[in-house]
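Have a look at work.txt; it's compact mmCIF, C-alpha atoms:
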```
# COMPACT_ATOMS: atom_id res chain seq x y z
CA MET S 9 47.00 -4.24 81.14
CA ASN S 10 45.30 -1.73 78.81
CA CYS S 11 42.17 0.29 79.40
CA ARG S 12 39.26 -0.44 77.05
CA SER S 13 38.48 2.42 74.71
CA ASP S 14 34.72 1.76 74.68
CA HIS S 15 33.93 2.99 78.21
CA ASN S 16 34.09 6.18 80.25
CA CYS S 17 37.51 5.90 81.91
CA SER S 18 37.47 9.01 84.10
CA ASN S 19 37.16 6.74 87.13
CA CYS S 20 39.14 3.88 85.69
CA SER S 21 41.58 2.46 88.22
CA ILE S 22 44.35 2.29 85.63
CA HIS S 23 43.99 5.97 84.72
CA ARG S 24 43.75 6.94 88.36
CA VAL S 25 47.15 5.33 88.87
CA HIS S 26 48.54 7.11 85.80
CA ARG S 27 47.26 10.48 87.02
CA SER S 28 48.67 9.86 90.49
CA VAL S 29 52.09 9.02 89.08
CA TRP S 30 52.06 12.10 86.82
CA ARG S 31 51.18 14.41 89.71
CA SER S 32 54.05 12.99 91.75
CA LEU S 33 56.46 13.52 88.85
CA LYS S 34 55.57 17.19 88.17
CA PRO S 35 57.16 18.60 91.35
CA GLN S 36 60.18 16.41 90.73
CA ALA S 37 60.52 17.84 87.22
CA ALA S 38 60.24 21.39 88.56
CA PHE S 39 62.89 20.65 91.17
CA THR S 40 65.19 19.21 88.49
CA LYS S 41 64.74 22.35 86.37
CA ASN S 42 65.51 24.67 89.31
CA ALA S 43 68.49 22.58 90.34
CA LYS S 44 69.86 22.78 86.81
CA ALA S 45 69.50 26.57 86.77
CA PHE S 46 71.20 26.84 90.17
CA SER S 47 74.01 24.60 88.93
CA GLU S 48 74.52 26.80 85.87
CA ARG S 49 74.75 29.92 88.06
CA SER S 50 77.29 28.18 90.29
CA VAL S 51 79.41 27.25 87.28
CA LEU S 52 79.34 30.86 86.05
CA GLN S 53 80.47 32.10 89.46
CA LYS S 54 83.28 29.54 89.62
CA ARG S 55 84.45 30.61 86.18
CA GLY S 56 84.73 34.17 87.43
CA ASN S 57 81.78 35.53 85.46
CA PRO S 58 80.16 38.28 87.59
CA MET S 59 76.53 38.07 88.57
CA PRO S 60 74.27 41.00 87.65
CA ARG S 61 75.40 44.10 89.54
CA ARG S 62 73.36 46.26 91.81
CA LYS S 63 71.54 49.06 90.01
CA SER S 64 73.49 52.31 89.86
CA TYR S 65 71.52 55.31 91.07
CA ILE S 66 74.36 57.78 90.47
CA LYS S 67 75.67 57.93 86.91
CA GLN S 68 78.25 60.67 87.43
CA LEU S 69 79.54 62.77 90.32
CA ASN S 70 79.48 66.53 89.91
CA ALA S 71 81.43 69.09 91.95
CA ARG S 72 78.71 69.34 94.62
CA ASP S 73 78.59 65.56 94.99
CA GLN S 74 82.34 65.46 95.46
CA LYS S 75 82.20 68.19 98.09
CA ILE S 76 79.57 66.42 100.19
CA LEU S 77 80.98 62.91 99.79
CA SER S 78 84.50 64.12 100.63
CA ALA S 79 83.08 65.66 103.82
CA PHE S 80 81.51 62.30 104.70
CA TYR S 81 84.82 60.57 104.03
CA CYS S 82 86.75 62.94 106.29
CA CYS S 83 84.16 63.42 109.05
CA GLN S 84 81.85 60.35 108.97
CA HIS S 85 78.61 62.20 109.87
CA LEU S 86 76.73 65.13 108.35
CA SER S 87 73.44 66.70 109.27
CA GLN S 88 70.55 66.89 106.83
CA GLN S 89 70.82 70.67 106.83
CA GLN S 90 74.49 70.54 105.84
CA ILE S 91 73.77 68.14 103.00
CA THR S 92 70.72 69.89 101.55
CA SER S 93 72.51 73.24 101.62
CA ILE S 94 74.72 71.85 98.84
CA VAL S 95 72.73 69.10 97.07
CA THR S 96 69.02 68.41 96.65
CA LYS S 97 66.95 66.02 98.76
CA ASN S 98 66.52 63.79 95.71
CA ARG S 99 70.29 63.55 95.39
CA LEU S 100 70.51 62.61 99.05
CA LYS S 101 67.98 59.83 98.39
CA SER S 102 70.25 58.58 95.61
CA TYR S 103 73.16 58.39 98.07
CA ILE S 104 70.99 56.25 100.34
CA LYS S 105 69.78 53.97 97.53
CA GLN S 106 73.35 53.55 96.33
CA GLY S 107 74.32 52.43 99.83
CA ILE S 108 76.79 55.28 100.36
CA VAL S 109 75.14 56.73 103.46
CA VAL S 110 72.52 55.64 105.96
CA LYS S 111 70.02 57.76 107.87
CA GLN S 112 70.14 57.84 111.66
CA ASN S 113 67.95 59.59 114.19
CA TYR S 114 70.12 61.29 116.77
CA ILE S 115 68.78 62.92 119.93
CA PRO S 116 71.22 65.50 121.34
CA LYS S 117 71.06 65.66 125.12
CA HIS S 118 71.22 69.44 125.28
CA VAL S 119 68.36 69.94 122.81
CA GLY S 120 65.69 67.84 124.48
CA ASP S 121 63.74 64.89 123.18
CA SER S 122 63.41 65.95 119.55
CA ALA S 123 65.27 63.69 117.12
CA HIS S 124 67.55 65.22 114.51
CA PRO S 125 68.10 63.29 111.26
CA VAL S 126 71.80 62.74 110.61
CA TYR S 127 73.54 60.67 107.97
CA ALA S 128 76.51 58.36 108.40
CA LEU S 129 78.95 57.04 105.82
CA THR S 130 78.81 53.27 105.31
CA LYS S 131 81.67 50.86 104.70
CA SER S 132 80.60 50.44 101.07
CA GLY S 133 80.33 54.23 100.89
CA ARG S 134 84.01 54.60 101.79
CA GLN S 135 84.89 52.17 99.02
CA TYR S 136 82.67 54.04 96.56
CA ILE S 137 84.31 57.38 97.37
CA ARG S 138 87.84 55.99 97.06
CA CYS S 139 86.89 54.58 93.68
CA HIS S 140 85.16 57.68 92.28
CA ILE S 141 86.95 60.66 93.89
CA SER S 142 90.64 60.62 93.02
CA LYS S 143 91.79 63.09 95.68
CA MET S 144 90.48 60.79 98.43
CA ARG S 145 92.56 57.80 97.33
CA ASN S 146 95.62 58.98 99.24
CA THR S 147 93.60 59.96 102.31
CA ALA S 148 92.68 57.58 105.12
CA PRO S 149 88.96 57.73 105.98
CA TYR S 150 87.91 59.19 109.30
CA HIS S 151 86.25 56.68 111.61
CA SER S 152 85.19 57.59 115.12
CA SER S 153 83.03 56.09 117.84
CA SER S 154 82.16 59.59 119.04
CA ALA S 155 78.57 60.81 119.06
CA PRO S 156 77.27 62.24 115.76
CA ALA S 157 77.26 65.76 117.26
CA HIS S 158 81.06 65.57 117.58
CA ASN S 159 81.50 64.54 113.94
CA ILE S 160 78.98 67.07 112.65
CA ARG S 161 80.93 69.83 114.40
CA LEU S 162 84.05 68.49 112.72
CA SER S 163 82.29 68.55 109.34
CA GLU S 164 81.39 72.22 109.91
CA ILE S 165 85.09 73.02 110.27
CA TYR S 166 85.94 70.84 107.28
CA LEU S 167 83.41 72.50 104.97
CA SER S 168 84.57 75.94 106.08
CA GLU S 169 88.31 75.29 105.77
CA THR S 170 88.16 73.48 102.44
CA LYS S 171 86.40 76.33 100.64
CA ASN S 172 89.93 77.34 99.70
CA GLU S 173 90.82 75.16 96.70
CA ASN S 174 94.46 75.07 97.81
CA ALA S 175 93.56 73.60 101.20
CA GLN S 176 94.10 69.92 101.85
CA TRP S 177 92.49 68.04 104.74
CA LEU S 178 94.30 65.43 106.80
CA THR S 179 92.29 62.94 108.83
CA GLU S 180 93.20 61.54 112.24
CA ARG S 181 94.63 58.41 110.64
CA ASP S 182 96.70 60.55 108.26
CA LEU S 183 98.14 62.42 111.24
CA GLN S 184 98.95 59.19 113.03
CA GLN S 185 100.82 57.89 109.99
CA LEU S 186 102.64 61.22 109.70
CA PHE S 187 103.74 60.86 113.32
CA LEU S 188 104.95 57.28 112.77
CA ASP S 189 106.94 58.36 109.72
CA THR S 190 108.46 61.25 111.68
CA ILE S 191 109.71 59.18 114.63
CA GLN S 192 110.95 56.22 112.61
CA GLY S 193 114.59 55.50 113.35
CA ARG S 194 114.90 58.02 116.18
CA GLU S 195 116.47 57.14 119.50
CA ASP S 196 113.23 57.83 121.38
CA GLU S 197 111.05 55.92 118.88
CA ARG S 198 110.09 53.17 121.34
CA GLU S 199 109.25 55.69 124.05
CA LEU S 200 107.05 57.66 121.66
CA LEU S 201 105.31 54.51 120.43
CA ASP S 202 104.50 53.67 124.05
CA ALA S 203 103.07 57.16 124.49
CA LEU S 204 100.90 56.63 121.42
CA ARG S 205 99.79 53.21 122.65
CA THR S 206 98.87 54.48 126.14
CA HIS S 207 97.17 57.59 124.72
CA THR S 208 99.40 60.05 126.55
CA LEU S 209 100.07 61.34 123.05
CA SER S 210 97.25 61.26 120.53
CA PRO S 211 96.67 62.70 117.04
CA PRO S 212 93.74 65.14 116.82
CA ASP S 213 90.59 64.73 114.72
CA GLY S 214 92.03 66.37 111.65
CA ALA S 215 94.16 69.12 110.19
CA VAL S 216 94.11 71.56 107.32
CA LEU S 217 97.20 72.02 105.15
CA CYS S 218 97.29 75.33 103.31
CA ASN S 219 100.25 77.17 101.79
CA GLY S 220 102.66 74.75 103.41
CA GLU S 221 101.32 75.28 106.94
CA VAL S 222 99.43 72.69 108.96
CA THR S 223 96.83 73.63 111.56
CA LEU S 224 95.54 70.83 113.78
CA ILE S 225 91.82 70.60 114.58
CA GLU S 226 90.34 68.93 117.65
CA ILE S 227 86.65 68.79 118.61
CA VAL S 228 86.14 68.74 122.38
CA SER S 229 82.90 67.56 123.96
CA VAL S 230 81.76 67.87 127.56
CA ASN S 231 82.84 64.27 128.14
CA TYR S 232 86.49 64.97 127.35
CA SER S 233 88.89 64.65 130.26
CA GLN S 234 91.86 66.93 130.81
CA GLU S 235 94.13 63.96 130.07
CA GLU S 236 92.60 63.54 126.61
CA ILE S 237 93.05 67.22 125.82
CA SER S 238 96.64 67.11 127.07
CA ALA S 239 97.36 64.13 124.78
CA LYS S 240 96.29 66.20 121.77
CA GLN S 241 98.42 69.11 122.93
CA THR S 242 101.41 66.78 123.35
CA TYR S 243 101.06 65.70 119.73
CA SER S 244 100.90 69.35 118.71
CA ASP S 245 104.03 70.21 120.70
CA TYR S 246 106.05 67.27 119.41
CA MET S 247 105.11 67.86 115.75
CA SER S 248 105.52 71.66 116.11
CA MET S 249 102.07 72.24 114.64
CA PRO S 250 99.57 74.71 116.13
CA ILE S 251 96.29 73.23 117.32
CA GLU S 252 92.83 74.76 117.55
CA PHE S 253 90.19 73.35 119.92
CA TYR S 254 86.49 73.62 119.11
CA ARG S 255 83.71 72.73 121.53
CA VAL S 256 80.52 70.95 120.56
```

Written as structure tokens, how would this file's structure read?
Amino acid sequence: MNCRSDHNCSNCSIHRVHRSVWRSLKPQAAFTKNAKAFSERSVLQKRGNPMPRRKSYIKQLNARDQKILSAFYCCQHLSQQQITSIVTKNRLKSYIKQGIVVKQNYIPKHVGDSAHPVYALTKSGRQYIRCHISKMRNTAPYHSSSAPAHNIRLSEIYLSETKNENAQWLTERDLQQLFLDTIQGREDERELLDALRTHTLSPPDGAVLCNGEVTLIEIVSVNYSQEEISAKQTYSDYMSMPIEFYRV
């Protein structure tokens, strides 16, 4: 049935039906278009074509960047004062935008209620540093559940000891692997592995290697028991490496 052309058809029942059908089809057409675009993206991903990458806020790392990021890699936490004594606040913001570090508000018990801004290395930050700083590729990252104050004290020692270009830092995981390599194949290997497992022997937080000599570093907080300190000393005695204890 056709509408007559000689009348005003704005209220014509036939055209009302046509308009109703058209309105119902428009969302369907939009859905079909979106579904097609989604399907194309899925095909690209299945073919291995990468999706657009996250914007890069750091084009190139300079010597100061490498110094700060290496400290994060080996100590996990740094204070804002430590960071801004080497790089600018804008550079710190770039680290955050890049997802390398994250800001935390830490309240030390002995200071009172005032919060101190500290910064922690993220998982993606560890990957970024391994990728962009060659000297960190053979170093295991430091990861600790200790309070930020413990790690910031460790970073103070790190920044001080590594001013010497010949100095190399070993993390706790590096020291554990060194111990495992040392005891491999020995008669008392099983006994020593049990000591490591039960924490009667434990690698310290880090060590500095300079001119062929290794000095172990352990940060001791008020919560440390005598057994924990003794476990670090046992590692030192077995490996014949001197150890220095620093209190938070």

Review point. For Lys240 (chain S), which residue among S:Glu180, S:Asp202, S:Asp196, S:Glu164 is the nearest when counting only C-alpha atoms?
Key: S:Glu180

Point to revise | For Thr170 (chain S), the nearest of the candidates S:Leu183, S:Pro125, S:Ala215, S:Arg99, counting only C-alpha atoms | key: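 For Thr170 (chain S), the nearest of the candidates is S:Ala215.
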
**Study point:** Within-12 Å shell of (98.4, 59.0, 127.1) in input frame, all atoms listed in the file, as a list in words
**Key:**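 Residues close enough to count: Glu199, Leu200, Leu201, Asp202, Ala203, Leu204, Arg205, Thr206, His207, Thr208, Leu209, Ser210, Pro211, Ser233, Gln234, Glu235, Glu236, Ile237, Ser238, Ala239, Lys240, Gln241, Thr242 and Tyr243 of chain S.
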
Study note, to complete from the structure: Counting all atoms listed in the file, the residue among S:Leu217, S:Leu129, S:Leu224, S:Met247 that lies closest to Leu188 (chain S) is S:Met247

Practice item. Could you tell me which of S:Thr190, S:Gln84, S:Gln89, S:Asn98 comes closest to Pro149 (chain S) if we count all atoms listed in the file? Key: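 Result for the nearest residue to Pro149 (chain S): S:Gln84.
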
Review point. So, counting all atoms listed in the file, which residue among S:Gln184, S:Gln192, S:Asn113, S:Ser152 is closest to Ser244 (chain S)?
Key: S:Gln184

**Study point:** For CA of Ser132 (chain S) and CA of Asn146 (chain S), the interatomic separation in Å (one decimal)
**Key:**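 Atom-to-atom, CA of Ser132 (chain S) to CA of Asn146 (chain S), that is 17.4 Å.
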
Check your understanding: Which polymer residues have any atom within 12 Å of an atom of Glu169 (chain S), counting all atoms listed in the file, with same-chain residues fewer than 2 positions away left out, as a list in words?
Key -> Ala79, Leu162, Ser163, Glu164, Ile165, Tyr166, Leu167, Lys171, Asn172, Glu173, Asn174, Ala175, Gln176, Trp177, Leu178, Gly214, Ala215, Val216, Leu217, Cys218, Val222, Thr223, Leu224 and Ile225 of chain S

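For the pair CA of Ile94 (chain S) and CA of Ile66 (chain S), the interatomic distance is 16.4 Å.
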
Check your understanding: What does the distance between CA of His151 (chain S) and CA of Ser122 (chain S) come to in Å, to one decimal place?
Key ->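 Going from CA of His151 (chain S) over to CA of Ser122 (chain S), I get 25.9 Å.
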